[in-house]
Each structure stands twice: as C-alpha cells, then as structure tokens.
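Engineer: Quick one: the structure is below, and I'll ask about it shortly.
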Amino acid sequence: MIEIRTFTENDTNEIIQLVLHCQNDGTRPMVTVEDQPELLHIKETYLDGGGNFWVAVKQDRVVGSIGLMDCGGGLGLLKKFFVYEEYRGEPVHLGRRLYDVLVEFARQRHIKSLLLDTPKNTGRAHRFYEKAGFQKIGEDQLPLVYDHPYEDSDFYILDL
C-alpha cells in the first residue's frame, strides 16, 4: 500500500535521493542539491508560503514526491514531481495520484493557474502534462521569474 501524505522533516534525505536519482538518469546535465537549495528547506519554501509538499511512501520509503509553491495572485508553481521508475504508469499510476492530490489542494487554495518547468528532453513528462491539459509556453510568456535547475527547459501552464 502506498500512502500519500504531507512531507515531514524526517523525509528530507529520502526526497533528495529520489530527486537526484530521477534528475541524474543520464539523459540531461547533472544537477546537485546546491543547484536546488530548496530541497534542504522544504518546509520554508513550500509549506510556510501557503503551498504544500507531498511524498508517496511505501513501507517507510519515499517513492514519489510533488510540491506546490503558492506564488500569490492565484498562481501556483508545480515543482519536484518525481516517482521511482517501478511506480510509474500501469498498474500503480503513482504520478497521477500525486498530481491529483496537488490539483485538489490548489483548487481549495483558490489557485487559478499552475506553472511548471521541465527539461526539453523529458518526453514522457511532456506527454503527462499535455494529457493533463497543460499548454506549452515560451519563457518570455512566464507570468513570473523563478529559478529552475536546467537552462534547456520547456515551460507549461494550466488554467484550473
């Protein structure tokens, strides 16, 4: 059984392991914790600002994550959406389950639009977001400026 729950400080090391494992899979430039310091400050970055950060846990092991930053003005930033390979797609659909939790929370918080970035070469992620209704936009169309770990990113927006 996989439980989806809000992050606790005790999850930090496993979240970092998950994120770096998925990011550094050989398909894109290597990134480190130093490139994304919010991983060391999840509570302050996500929860304290009105957003949330969820983990999917199986047998006391973090196997998935997704975060939402509340940027104000009805805009939310979807971040750190990662799932270990064996939990993607059929039959678990863990990514979809995590995403649905985030969307429900965003709607309850009156967030009107979700924004995200993803490396250009992550076709599976692009298909997921497009199937969920996200529209690809140019960096010059972003409604806010924010840090992201890859220079070669695509950007997506979804009106809720």
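Chains: A, B, ... in order of the structure tokens. Residues: from 1 per chain. Ligands: from 1, in order shown.
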Which residues come within 7 Å of stretch 62-66 of chain A, counting only C-alpha atoms, excluding same-chain residues fewer than 5 positions away, as a short mmCIF file (atom, residue, chain, number, x, y, z; two decimals) with N, CA and C atoms, in the first residue's frame?
Structural biologist:
```
data_model
loop_
_atom_site.label_atom_id
_atom_site.label_comp_id
_atom_site.auth_asym_id
_atom_site.auth_seq_id
_atom_site.Cartn_x
_atom_site.Cartn_y
_atom_site.Cartn_z
N GLU A 14 15.52 11.22 2.05
CA GLU A 14 14.95 10.32 1.03
C GLU A 14 14.41 11.10 -0.17
N ILE A 15 13.88 12.29 0.08
CA ILE A 15 13.41 13.13 -1.03
C ILE A 15 14.60 13.53 -1.90
N PHE A 53 3.95 20.17 0.13
CA PHE A 53 4.88 19.22 -0.48
C PHE A 53 4.46 17.85 0.00
N TRP A 54 4.17 16.96 -0.95
CA TRP A 54 3.68 15.63 -0.62
C TRP A 54 4.71 14.58 -0.97
N VAL A 55 4.68 13.51 -0.21
CA VAL A 55 5.50 12.34 -0.51
C VAL A 55 4.59 11.14 -0.62
N ALA A 56 4.98 10.21 -1.47
CA ALA A 56 4.34 8.90 -1.55
C ALA A 56 5.28 7.94 -0.85
N VAL A 57 4.74 7.19 0.10
CA VAL A 57 5.57 6.33 0.94
C VAL A 57 5.06 4.90 0.85
N LYS A 79 6.48 21.80 -8.57
CA LYS A 79 7.91 21.51 -8.51
C LYS A 79 8.16 20.12 -7.95
N LYS A 80 9.34 19.59 -8.24
CA LYS A 80 9.87 18.36 -7.64
C LYS A 80 8.90 17.19 -7.76
N PHE A 81 8.37 17.02 -8.97
CA PHE A 81 7.43 15.93 -9.27
C PHE A 81 8.25 14.76 -9.79
N PHE A 82 8.50 13.80 -8.90
CA PHE A 82 9.34 12.65 -9.24
C PHE A 82 8.77 11.38 -8.65
N VAL A 83 8.90 10.29 -9.41
CA VAL A 83 8.45 8.97 -8.98
C VAL A 83 9.49 7.96 -9.45
N TYR A 84 9.88 7.05 -8.55
CA TYR A 84 10.79 5.98 -8.98
C TYR A 84 10.15 5.20 -10.13
N LEU A 98 -0.35 11.44 -7.23
CA LEU A 98 0.29 12.61 -6.61
C LEU A 98 -0.22 13.90 -7.25
#
```
Engineer: Could you tell me which of A:Asp159, A:Glu85, A:Asp11, A:Asp117 comes closest to A:Glu139 if we count only C-alpha atoms?
Structural biologist: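 Using only C-alpha atoms, A:Glu139 sits closest to A:Asp117.
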Engineer: Just checking: using only C-alpha atoms, which residue out of A:Pro143, A:Gly76, A:Pro37, A:Gly138 ends up closest to A:Asn52?
Structural biologist: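 Checking each of A:Pro143, A:Gly76, A:Pro37, A:Gly138 against A:Asn52, counting only C-alpha atoms, the winner is A:Gly76.
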Engineer: Env of stretch 121-125 of chain A: 8 Å cut, atoms = only C-alpha atoms, seq-sep filter 4 positions within chain, self excluded. Answer as JSON, numbers by chain.
Structural biologist: {"A": [27, 28, 129]}
Engineer: Quick check, in Å to one decimal: how far apart do atom CA of A:Arg97 and atom CA of A:Ile42 lie?
Structural biologist: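 Taking atom CA of A:Arg97 and atom CA of A:Ile42, their separation equals 20.6 Å.
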Engineer: Return as a ChimeraX atom specification the full set of residues in stretch 12-143 of chain A whose backbone-based DSSP assignment is helix (DSSP H, G or I).
Structural biologist: /A:12-23,33-35,37-40,42-47,85-87,94-108,123-131,139-141
Engineer: Quick one: pull the distance between atom CA of A:Gly89 and atom CA of A:Gln36, Å, one decimal.
Structural biologist: 26.8 Å
Engineer: Counting only C-alpha atoms, what is within 10 Å of A:Thr45, bar same-chain residues fewer than 5 positions away, as a PyMOL selection string?
Structural biologist: chain A and resi 37-40+50-53+67-70
Engineer: Write the selection just made, keeping C-alpha atoms, as a PDB file, in the first residue's frame?
Structural biologist:
```pdb
ATOM      1  CA  PRO A  37      18.745  24.563  -2.327  1.00  0.00           C
ATOM      2  CA  GLU A  38      15.004  24.444  -1.665  1.00  0.00           C
ATOM      3  CA  LEU A  39      15.469  20.690  -1.193  1.00  0.00           C
ATOM      4  CA  LEU A  40      17.179  21.479   2.107  1.00  0.00           C
ATOM      5  CA  GLY A  50       0.924  28.564   1.684  1.00  0.00           C
ATOM      6  CA  GLY A  51       1.805  25.684  -0.613  1.00  0.00           C
ATOM      7  CA  ASN A  52       2.485  22.063   0.227  1.00  0.00           C
ATOM      8  CA  PHE A  53       4.879  19.223  -0.479  1.00  0.00           C
ATOM      9  CA  GLY A  67       5.474  20.165  -4.470  1.00  0.00           C
ATOM     10  CA  LEU A  68       3.339  23.256  -4.892  1.00  0.00           C
ATOM     11  CA  MET A  69       4.609  26.762  -4.251  1.00  0.00           C
ATOM     12  CA  ASP A  70       1.903  29.388  -3.814  1.00  0.00           C
TER      13      ASP A  70
END
```
Engineer: Compile the contact shell of A:Met1 as a count of residues only: residues with an atom at most 8 Å away, counting only C-alpha atoms, same-chain residues fewer than 2 positions apart removed.
Structural biologist: 3
